[in-house]
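Enquirer: One file: run_18.txt (compact mmCIF, C-alpha atoms).
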# COMPACT_ATOMS: atom_id res chain seq x y z
CA MET A 23 31.11 -2.76 -95.12
CA SER A 24 27.93 -2.16 -93.12
CA LYS A 25 25.32 0.39 -94.20
CA THR A 26 23.03 2.42 -91.98
CA ALA A 27 19.33 2.00 -92.73
CA THR A 28 17.81 5.32 -93.79
CA TYR A 29 14.38 6.68 -94.51
CA SER A 30 15.08 9.59 -96.83
CA LEU A 31 12.88 12.25 -98.37
CA ILE A 32 13.20 12.16 -102.16
CA ALA A 33 10.66 14.81 -103.15
CA THR A 34 7.52 16.64 -102.09
CA ALA A 35 4.61 18.01 -104.07
CA SER A 36 1.51 20.06 -103.36
CA GLY A 37 -1.80 20.46 -105.10
CA THR A 38 -2.09 23.63 -107.19
CA GLY A 39 -5.85 23.82 -107.53
CA SER A 40 -5.46 23.73 -111.32
CA SER A 41 -4.31 20.16 -111.93
CA ASN A 42 -5.52 16.65 -111.15
CA THR A 43 -2.01 15.17 -111.45
CA ILE A 44 0.95 14.93 -109.13
CA SER A 45 4.14 13.58 -110.71
CA PHE A 46 7.34 12.21 -109.24
CA ILE A 47 9.80 11.86 -112.11
CA ASP A 48 13.40 10.64 -112.43
CA ILE A 49 13.07 8.68 -109.18
CA PRO A 50 16.55 7.65 -107.99
CA GLN A 51 17.16 3.94 -108.33
CA THR A 52 19.44 3.73 -105.33
CA PHE A 53 16.89 2.77 -102.66
CA THR A 54 15.37 -0.57 -101.75
CA ASP A 55 11.74 0.46 -101.29
CA LEU A 56 9.67 3.61 -101.66
CA ILE A 57 7.02 5.07 -99.36
CA LEU A 58 4.50 7.56 -100.76
CA ILE A 59 2.41 9.59 -98.31
CA SER A 60 -0.67 11.23 -99.80
CA SER A 61 -2.63 13.78 -97.76
CA ALA A 62 -5.14 14.82 -100.40
CA GLN A 63 -8.17 17.03 -100.69
CA SER A 64 -10.27 17.46 -103.82
CA ALA A 65 -11.53 20.68 -105.35
CA SER A 66 -15.03 19.25 -105.14
CA GLY A 67 -16.80 16.09 -104.07
CA GLN A 68 -15.65 12.59 -103.19
CA ARG A 69 -13.07 11.39 -105.70
CA GLN A 70 -10.81 8.41 -106.22
CA GLN A 71 -7.06 8.59 -106.77
CA TYR A 72 -5.11 6.29 -109.06
CA PHE A 73 -1.51 5.51 -109.98
CA GLU A 74 0.20 5.26 -113.33
CA PHE A 75 3.80 4.06 -113.35
CA ASN A 76 6.39 5.04 -115.96
CA SER A 77 3.59 6.71 -117.98
CA ASP A 78 2.29 3.20 -118.70
CA THR A 79 -1.45 3.15 -119.42
CA THR A 80 -1.60 -0.38 -120.79
CA GLN A 81 -3.57 -3.13 -119.04
CA LYS A 82 -0.83 -4.23 -116.69
CA TYR A 83 -2.47 -3.31 -113.38
CA SER A 84 -4.44 -5.42 -110.92
CA ARG A 85 -5.32 -5.21 -107.24
CA THR A 86 -7.02 -6.96 -104.34
CA ILE A 87 -8.95 -4.87 -101.84
CA LEU A 88 -10.07 -5.27 -98.22
CA SER A 89 -12.33 -2.45 -97.08
CA GLY A 90 -14.44 -1.36 -94.15
CA THR A 91 -17.42 0.93 -94.64
CA GLY A 92 -18.26 1.45 -91.00
CA THR A 93 -21.01 -1.17 -91.19
CA SER A 94 -19.58 -4.00 -93.27
CA ALA A 95 -16.30 -5.54 -94.40
CA VAL A 96 -15.88 -5.78 -98.15
CA SER A 97 -13.39 -7.46 -100.44
CA ALA A 98 -13.01 -6.91 -104.17
CA ARG A 99 -10.65 -7.50 -107.12
CA ASP A 100 -9.70 -5.57 -110.23
CA SER A 101 -7.57 -7.10 -112.99
CA ASN A 102 -6.25 -6.05 -116.39
CA GLN A 103 -6.72 -2.38 -115.57
CA PHE A 104 -5.19 0.66 -117.32
CA GLN A 105 -4.28 2.15 -113.95
CA THR A 106 -4.49 1.12 -110.30
CA TYR A 107 -6.63 2.96 -107.76
CA LEU A 108 -5.28 3.83 -104.31
CA ASP A 109 -8.73 3.56 -102.82
CA TYR A 110 -12.11 1.87 -102.86
CA TYR A 111 -13.91 3.45 -99.91
CA GLY A 112 -10.99 5.46 -98.53
CA VAL A 113 -11.46 8.18 -101.12
CA VAL A 114 -10.51 11.86 -101.22
CA GLU A 115 -12.93 14.43 -99.81
CA SER A 116 -13.22 18.16 -100.42
CA THR A 117 -13.79 19.25 -96.83
CA PHE A 118 -10.84 17.61 -95.03
CA PRO A 119 -7.65 15.80 -96.06
CA GLY A 120 -7.66 12.02 -96.12
CA SER A 121 -4.53 9.91 -95.96
CA ALA A 122 -3.08 7.19 -98.13
CA ILE A 123 0.23 5.43 -97.52
CA THR A 124 1.73 3.28 -100.28
CA HIS A 125 4.74 1.04 -99.86
CA PHE A 126 6.53 0.15 -103.13
CA LEU A 127 8.44 -3.06 -102.57
CA ASP A 128 11.72 -3.52 -104.46
CA TYR A 129 10.70 -0.86 -106.99
CA SER A 130 14.05 -0.77 -108.79
CA ASN A 131 14.22 -4.49 -109.49
CA THR A 132 14.49 -5.24 -113.23
CA THR A 133 13.67 -8.95 -113.13
CA THR A 134 10.33 -9.11 -111.31
CA PHE A 135 6.87 -7.59 -111.47
CA LYS A 136 6.19 -4.84 -108.92
CA THR A 137 4.04 -5.13 -105.78
CA MET A 138 2.68 -2.22 -103.78
CA LEU A 139 0.72 -2.07 -100.52
CA THR A 140 -1.64 0.83 -99.85
CA ARG A 141 -3.61 1.89 -96.76
CA SER A 142 -6.15 4.57 -97.59
CA ASN A 143 -8.51 6.33 -95.20
CA ASP A 144 -11.69 8.41 -95.49
CA PRO A 145 -13.12 8.72 -91.96
CA SER A 146 -16.50 9.73 -93.40
CA LEU A 147 -16.84 6.86 -95.88
CA GLY A 148 -14.44 3.98 -95.21
CA LEU A 149 -10.93 2.62 -95.37
CA ASP A 150 -8.95 0.19 -97.50
CA ALA A 151 -5.99 -2.15 -97.44
CA ILE A 152 -4.95 -2.81 -101.04
CA VAL A 153 -2.26 -4.90 -102.66
CA HIS A 154 -1.40 -3.82 -106.20
CA LEU A 155 0.45 -5.65 -108.93
CA TYR A 156 2.12 -3.88 -111.86
CA ARG A 157 3.07 -6.54 -114.40
CA SER A 158 6.24 -4.96 -115.64
CA THR A 159 9.86 -5.87 -115.01
CA PHE A 160 10.97 -2.28 -115.63
CA ALA A 161 12.17 -0.37 -112.60
CA ILE A 162 9.73 2.31 -111.48
CA SER A 163 11.28 5.66 -112.38
CA ARG A 164 8.11 7.76 -112.56
CA ILE A 165 4.92 7.81 -110.46
CA ASP A 166 1.87 9.82 -111.47
CA ILE A 167 -0.95 10.16 -108.97
CA LYS A 168 -4.20 11.36 -110.49
CA LEU A 169 -7.49 12.46 -109.02
CA ASN A 170 -10.59 11.36 -110.88
CA ALA A 171 -12.38 14.15 -112.76
CA VAL A 172 -11.42 17.14 -110.57
CA ASN A 173 -8.27 18.95 -109.46
CA TYR A 174 -6.38 18.53 -106.24
CA SER A 175 -6.97 21.41 -103.85
CA THR A 176 -4.04 23.50 -102.64
CA ALA A 177 -4.35 21.77 -99.24
CA SER A 178 -3.06 18.52 -100.79
CA ARG A 179 0.44 17.35 -99.82
CA PHE A 180 2.49 14.46 -101.17
CA LYS A 181 5.82 13.11 -99.97
CA LEU A 182 7.98 10.40 -101.54
CA TYR A 183 10.54 8.67 -99.32
CA GLY A 184 13.22 6.14 -100.16
CA ILE A 185 14.14 3.33 -97.78
CA GLN A 186 17.62 1.94 -98.00
CA ALA A 187 17.93 -1.45 -96.36
CA GLY A 188 20.88 -1.54 -93.99
CA ASN A 189 23.30 -4.42 -93.81
CA ALA A 190 24.16 -6.12 -90.53
CA MET B 18 21.21 10.85 -97.68
CA PRO B 19 20.12 12.38 -94.37
CA LEU B 20 18.01 10.38 -91.94
CA GLN B 21 14.41 11.65 -92.19
CA LEU B 22 12.84 9.55 -89.44
CA TYR B 23 13.66 11.01 -86.02
CA ARG B 24 12.88 9.49 -82.66
CA ILE B 25 11.26 12.22 -80.55
CA ALA B 26 10.53 10.25 -77.40
CA THR B 27 10.06 6.75 -76.01
CA VAL B 28 7.86 5.86 -73.05
CA GLU B 29 8.60 2.58 -71.30
CA VAL B 30 6.13 1.62 -68.60
CA GLY B 31 7.75 0.65 -65.30
CA SER B 32 6.84 -1.79 -62.58
CA ALA B 33 4.06 0.42 -61.21
CA GLY B 34 2.15 0.33 -64.48
CA SER B 35 0.59 3.41 -66.02
CA SER B 36 -2.95 4.65 -66.60
CA SER B 37 -1.92 6.20 -69.91
CA ILE B 38 1.03 6.87 -72.18
CA ASP B 39 1.49 10.55 -72.93
CA PHE B 40 3.60 12.50 -75.38
CA ASN B 41 3.60 16.16 -74.43
CA SER B 42 5.21 19.29 -75.86
CA ILE B 43 5.57 17.67 -79.29
CA PRO B 44 7.99 19.69 -81.45
CA GLN B 45 6.34 21.37 -84.42
CA GLY B 46 9.27 21.13 -86.77
CA TYR B 47 8.35 17.84 -88.49
CA THR B 48 5.90 17.09 -91.29
CA ASP B 49 4.28 13.87 -90.04
CA LEU B 50 4.19 11.89 -86.81
CA LYS B 51 4.33 8.14 -86.27
CA ILE B 52 3.78 6.19 -83.06
CA VAL B 53 4.67 2.55 -82.64
CA LEU B 54 3.01 0.97 -79.60
CA SER B 55 3.75 -2.37 -77.97
CA GLY B 56 1.20 -2.72 -75.21
CA ARG B 57 -0.41 -4.99 -72.65
CA LEU B 58 -3.06 -4.11 -70.07
CA ASP B 59 -3.94 -5.36 -66.58
CA ALA B 60 -7.62 -5.55 -67.50
CA ASN B 61 -9.80 -7.62 -69.83
CA ASN B 62 -9.74 -4.95 -72.53
CA THR B 63 -7.81 -4.31 -75.74
CA ALA B 64 -8.96 -0.85 -76.83
CA ILE B 65 -6.66 2.16 -76.46
CA LYS B 66 -8.20 5.57 -77.12
CA ILE B 67 -6.08 8.06 -79.06
CA GLN B 68 -6.62 11.66 -77.95
CA PHE B 69 -5.01 14.93 -78.95
CA ASN B 70 -4.15 18.09 -77.01
CA GLY B 71 -5.99 16.89 -73.91
CA LEU B 72 -9.32 16.97 -75.74
CA THR B 73 -12.00 14.30 -76.11
CA THR B 74 -14.08 16.07 -78.76
CA ASN B 75 -14.16 16.09 -82.58
CA LEU B 76 -12.81 12.53 -82.77
CA SER B 77 -14.29 9.83 -85.01
CA SER B 78 -13.25 6.72 -86.89
CA ARG B 79 -14.28 3.90 -89.18
CA TYR B 80 -12.58 0.55 -89.02
CA VAL B 81 -12.49 -2.89 -90.51
CA TYR B 82 -12.03 -5.61 -87.93
CA GLY B 83 -11.11 -9.28 -87.98
CA SER B 84 -11.32 -11.70 -85.08
CA GLY B 85 -9.90 -14.82 -86.64
CA SER B 86 -13.35 -16.11 -87.53
CA ALA B 87 -15.23 -13.12 -88.93
CA ALA B 88 -14.63 -9.75 -90.54
CA THR B 89 -16.80 -6.72 -90.07
CA SER B 90 -16.67 -2.94 -89.99
CA TYR B 91 -17.75 -0.32 -87.49
CA THR B 92 -18.14 3.42 -87.10
CA ASP B 93 -17.34 5.27 -83.90
CA ALA B 94 -18.56 8.87 -83.79
CA SER B 95 -16.54 9.78 -80.70
CA ASN B 96 -13.23 7.93 -80.65
CA MET B 97 -10.34 6.38 -82.55
CA TYR B 98 -8.34 3.44 -81.24
CA ALA B 99 -5.18 1.43 -81.17
CA TYR B 100 -4.87 -2.00 -79.49
CA SER B 101 -3.03 -3.51 -76.58
CA ASN B 102 -3.16 -7.09 -75.38
CA SER B 103 -5.75 -7.96 -72.75
CA SER B 104 -4.70 -9.37 -69.36
CA THR B 105 -6.42 -12.61 -70.41
CA TYR B 106 -4.16 -13.13 -73.43
CA THR B 107 -1.09 -15.34 -73.55
CA SER B 108 1.31 -14.35 -70.80
CA ASN B 109 4.11 -11.99 -71.73
CA ALA B 110 2.61 -11.32 -75.17
CA PHE B 111 2.17 -7.73 -76.26
CA ALA B 112 0.04 -6.26 -79.03
CA ASN B 113 1.32 -3.95 -81.76
CA SER B 114 -0.13 -0.78 -83.19
CA GLU B 115 1.19 1.78 -85.63
CA ILE B 116 -0.33 5.25 -85.74
CA TYR B 117 0.49 7.62 -88.61
CA ILE B 118 -0.53 11.29 -88.65
CA PRO B 119 0.32 13.31 -91.78
CA ASN B 120 0.63 17.09 -91.51
CA TYR B 121 0.04 17.09 -87.73
CA SER B 122 1.02 20.75 -87.36
CA GLY B 123 -1.10 22.10 -90.20
CA SER B 124 -4.32 24.09 -89.97
CA ASN B 125 -6.53 21.45 -91.63
CA ALA B 126 -8.39 18.63 -89.94
CA LYS B 127 -6.13 15.70 -89.05
CA SER B 128 -6.50 12.32 -90.77
CA VAL B 129 -5.07 9.44 -88.73
CA SER B 130 -4.19 5.98 -90.04
CA VAL B 131 -3.97 3.16 -87.48
CA ASP B 132 -3.02 -0.49 -88.03
CA ALA B 133 -3.48 -2.57 -84.89
CA VAL B 134 -3.11 -6.22 -84.00
CA THR B 135 -3.33 -8.28 -80.83
CA GLU B 136 -1.86 -11.74 -80.55
CA THR B 137 -2.62 -14.66 -78.29
CA ASN B 138 -2.40 -18.41 -78.51
CA ALA B 139 -6.13 -18.87 -78.84
CA THR B 140 -8.81 -19.15 -81.49
CA ALA B 141 -9.59 -15.45 -81.40
CA ALA B 142 -7.39 -12.39 -81.61
CA ASP B 143 -8.07 -8.92 -82.94
CA MET B 144 -6.81 -7.09 -85.98
CA ALA B 145 -8.15 -3.77 -87.17
CA LEU B 146 -7.42 -1.00 -89.62
CA PHE B 147 -8.72 2.41 -88.58
CA ALA B 148 -9.40 5.59 -90.52
CA GLY B 149 -9.51 8.28 -87.86
CA LEU B 150 -10.35 11.96 -87.97
CA TRP B 151 -9.60 14.69 -85.48
CA ASN B 152 -11.73 17.50 -86.89
CA SER B 153 -9.66 20.35 -85.51
CA SER B 154 -7.54 23.04 -87.13
CA ALA B 155 -5.17 23.08 -84.16
CA ALA B 156 -1.66 21.71 -84.44
CA ILE B 157 -1.14 18.53 -82.45
CA THR B 158 1.02 19.33 -79.45
CA SER B 159 0.26 16.32 -77.27
CA ILE B 160 -1.00 12.76 -77.74
CA LYS B 161 -2.54 10.55 -75.06
CA LEU B 162 -2.91 6.77 -75.40
CA LEU B 163 -5.64 5.90 -72.88
CA PRO B 164 -6.90 2.35 -72.20
CA ASN B 165 -10.69 2.02 -72.27
CA SER B 166 -10.23 0.26 -68.95
CA GLY B 167 -7.27 -0.83 -66.89
CA ASN B 168 -3.65 0.25 -67.02
CA PHE B 169 -0.62 -0.43 -69.18
CA VAL B 170 1.61 -3.05 -67.56
CA GLN B 171 5.36 -2.99 -67.20
CA ASN B 172 7.34 -3.26 -70.47
CA SER B 173 4.59 -1.66 -72.52
CA THR B 174 6.44 0.73 -74.82
CA ALA B 175 5.49 3.52 -77.19
CA THR B 176 7.86 5.49 -79.40
CA LEU B 177 7.00 8.76 -81.12
CA TYR B 178 8.81 9.55 -84.38
CA GLY B 179 8.90 12.76 -86.34
CA ILE B 180 9.17 12.52 -90.11
CA LEU B 181 10.47 15.28 -92.34
Would you kindly transcribe this structure into structure tokens?
Expert:
Amino acid sequence: MSKTATYSLIATASGTGSSNTISFIDIPQTFTDLILISSAQSASGQRQQYFEFNSDTTQKYSRTILSGTGTSAVSARDSNQFQTYLDYYGVVESTFPGSAITHFLDYSNTTTFKTMLTRSNDPSLGLDAIVHLYRSTFAISRIDIKLNAVNYSTASRFKLYGIQAGNA
Amino acid sequence: MPLQLYRIATVEVGSAGSSSIDFNSIPQGYTDLKIVLSGRLDANNTAIKIQFNGLTTNLSSRYVYGSGSAATSYTDASNMYAYSNSSTYTSNAFANSEIYIPNYSGSNAKSVSVDAVTETNATAADMALFAGLWNSSAAITSIKLLPNSGNFVQNSTATLYGIL
């Protein structure tokens, strides 16, 4: 039987001004991929955002980064990290919302490690294309997004979508 | 599960070509907007300006750019861009750009994410990732895709999607 491809909203969240954490819990395992849209603003200063999956803070995270600063192209690597950052130059500002889009590929697979692709943008500082690796075969059922050191402002918006691959 | 990605409008350029691709009277009932552009120009140019609400002010961007032989990054204090194929590129080949605008109807400044590639059977082609900013509190009600020079040729296509 054929299936219709869908792009479905799972959940939304907003910054409260009193927390640096946004959590998507009990993520349905019925989709093929996930898309997370972050439109974030900090309570103060330029700050980085990072992911933790399934409340896992062990050294299972790594990433490769391609960035532009407005004057130079930069590439960098992080490995054996306790979390994985969504940004390098495309950080969160306090005066306007930036944007970060993360694609979680095959997030519910229980036999492979998990790969994510992020595009993050700070028009005043730079932008990034990042590939993340989470070295766990567990399906991703929880995503925490955290802002370094300060709270998310109430202007921050987050949306988690599920993509169901359609059959021909 | 309901479909959350809605096609608002598609513009297909006809045989006369077009000096721009415009989306007007954009409904305000979505959360985000996405444009997918497949474009080719009749001039030796690849840059497509992205403009909102008929205005040319308060636009800026930073981008990382690759040519096939070098990577670099630039800042533009006045514009943000997508790409279309130049008239000098491989015949019948069109470039691709994706433009994503979260919270387009909100009262904050608008952050714009653009991924753009050209393609041609040559040693050099362009690929860029843009972080754009429209520093305006106004809701986006129209979007213009304007070539830096030249016109869109026939079969250039842009589709505007609304995302809930």
Enquirer: Between atom CA of A:Tyr83 and atom CA of A:Thr133, what is the distance in Å, rounded to a tenth?
Expert: 17.1 Å
Enquirer: Counting all atoms listed in the file, which residues of chain A fall within 7 Å of chain B, and what is the closest atom pair for each with its distance in Å at one decimal, ordered by chain and rising number, as a Markdown table?
Expert:
| residue | atom | partner | partner_atom | distance |
| --- | --- | --- | --- | --- |
| A:Thr28 | CA | B:Leu20 | CA | 5.4 |
| A:Tyr29 | CA | B:Gln21 | CA | 5.5 |
| A:Ser30 | CA | B:Gln21 | CA | 5.1 |
| A:Leu31 | CA | B:Gln21 | CA | 6.4 |
| A:Ser61 | CA | B:Pro119 | CA | 6.7 |
| A:Ser89 | CA | B:Val81 | CA | 6.6 |
| A:Gly90 | CA | B:Val81 | CA | 4.4 |
| A:Thr91 | CA | B:Ser90 | CA | 6.1 |
| A:Gly92 | CA | B:Tyr91 | CA | 4.0 |
| A:Thr93 | CA | B:Ser90 | CA | 4.8 |
| A:Ser94 | CA | B:Ser90 | CA | 4.5 |
| A:Ala95 | CA | B:Thr89 | CA | 4.5 |
| A:Phe118 | CA | B:Ala126 | CA | 5.7 |
| A:Pro119 | CA | B:Ser128 | CA | 6.4 |
| A:Gly120 | CA | B:Ser128 | CA | 5.5 |
| A:Ser121 | CA | B:Ser128 | CA | 6.1 |
| A:Asn143 | CA | B:Ala148 | CA | 4.8 |
| A:Asp144 | CA | B:Ala148 | CA | 6.2 |
| A:Pro145 | CA | B:Ala148 | CA | 5.1 |
| A:Gly148 | CA | B:Arg79 | CA | 6.0 |
| A:Leu149 | CA | B:Ala148 | CA | 5.9 |
Enquirer: Please list, as an mmCIF file with C-alpha atoms, in the frame of the given file, the residues that have an atom at most 7 Å away from (-2.9, 3.8, -107.1) in the coordinates of this file, counting only C-alpha atoms.
Expert:
data_model
loop_
_atom_site.group_PDB
_atom_site.id
_atom_site.type_symbol
_atom_site.label_atom_id
_atom_site.label_comp_id
_atom_site.auth_asym_id
_atom_site.auth_seq_id
_atom_site.Cartn_x
_atom_site.Cartn_y
_atom_site.Cartn_z
ATOM 1 C CA GLN A 71 -7.060 8.590 -106.770
ATOM 2 C CA TYR A 72 -5.110 6.290 -109.060
ATOM 3 C CA PHE A 73 -1.510 5.510 -109.980
ATOM 4 C CA THR A 106 -4.490 1.120 -110.300
ATOM 5 C CA TYR A 107 -6.630 2.960 -107.760
ATOM 6 C CA LEU A 108 -5.280 3.830 -104.310
ATOM 7 C CA ILE A 167 -0.950 10.160 -108.970
#
Enquirer: Between atom CA of A:Phe53 and atom CA of A:Ser163, what is the distance in Å, rounded to a tenth?
Expert: 11.6 Å
Enquirer: List the neighbours of B:Ala26 out to 12 Å using all atoms listed in the file; skip same-chain residues closer than 6 positions along the sequence, and give me the result as a PyMOL selection string.
Expert: chain B and resi 38-44+50-53+159-160+174-179
Enquirer: Smallest atom-to-atom distance to A:Ile165: which of A:Leu182, A:Ala98, A:Ile87, A:Ile123, using only C-alpha atoms?
Expert: A:Leu182
Enquirer: By how many Å are atom CA of A:Ser41 and atom CA of A:Gln63 apart?
Expert: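 Atom CA of A:Ser41 sits 12.3 Å away from atom CA of A:Gln63.
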Enquirer: Select all residues near (-5.8, 29.0, -101.0) (cut-off 12 Å, inclusive, file coordinates), counting only C-alpha atoms, and output them as number ranges by chain.
Expert: A: 36-40, 65, 174-178
Enquirer: Which centre and edge lengths in Å to one decimal define the box along x, y and z that fits every listed atom of stretch 85-99 of chain B plus 8 Å per side, as AutoDock Vina command-line options?
Expert:
--center_x -11.9 --center_y -3.2 --center_z -85.6 --size_x 29.4 --size_y 41.9 --size_z 25.9
Enquirer: Between B:Ser154, B:Asn96, B:Thr105, B:Ser86, which has the minimum distance to B:Thr74 (counting all atoms listed in the file)?
Expert: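 For B:Thr74, the nearest of the given residues is B:Asn96.
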Enquirer: Counting all atoms listed in the file, which residue out of A:Asp78, A:Asp100, A:Asp150, A:Asp48 sits closest to A:Thr124?
Expert: A:Asp150
Enquirer: Identify which of the residues B:Glu29, B:Lys161, B:Ser55, B:Ser36 lies closest to B:Ser101, counting only C-alpha atoms when measuring atom-to-atom distances.
Expert: B:Ser55
Enquirer: Write out as a short mmCIF file (atom, residue, chain, number, x, y, z; two decimals) with C-alpha atoms, in the coordinates of the input each polymer residue whose atoms come within 9 Å of B:Ser166, counting only C-alpha atoms; drop sequence neighbours fewer than 5 positions from it.
Expert:
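This went into part_9.cif:
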data_model
loop_
_atom_site.label_atom_id
_atom_site.label_comp_id
_atom_site.auth_asym_id
_atom_site.auth_seq_id
_atom_site.Cartn_x
_atom_site.Cartn_y
_atom_site.Cartn_z
CA SER B 36 -2.95 4.65 -66.60
CA LEU B 58 -3.06 -4.11 -70.07
CA ASP B 59 -3.94 -5.36 -66.58
CA ALA B 60 -7.62 -5.55 -67.50
CA ASN B 61 -9.80 -7.62 -69.83
CA ASN B 62 -9.74 -4.95 -72.53
CA THR B 63 -7.81 -4.31 -75.74
CA ALA B 64 -8.96 -0.85 -76.83
CA ILE B 65 -6.66 2.16 -76.46
#
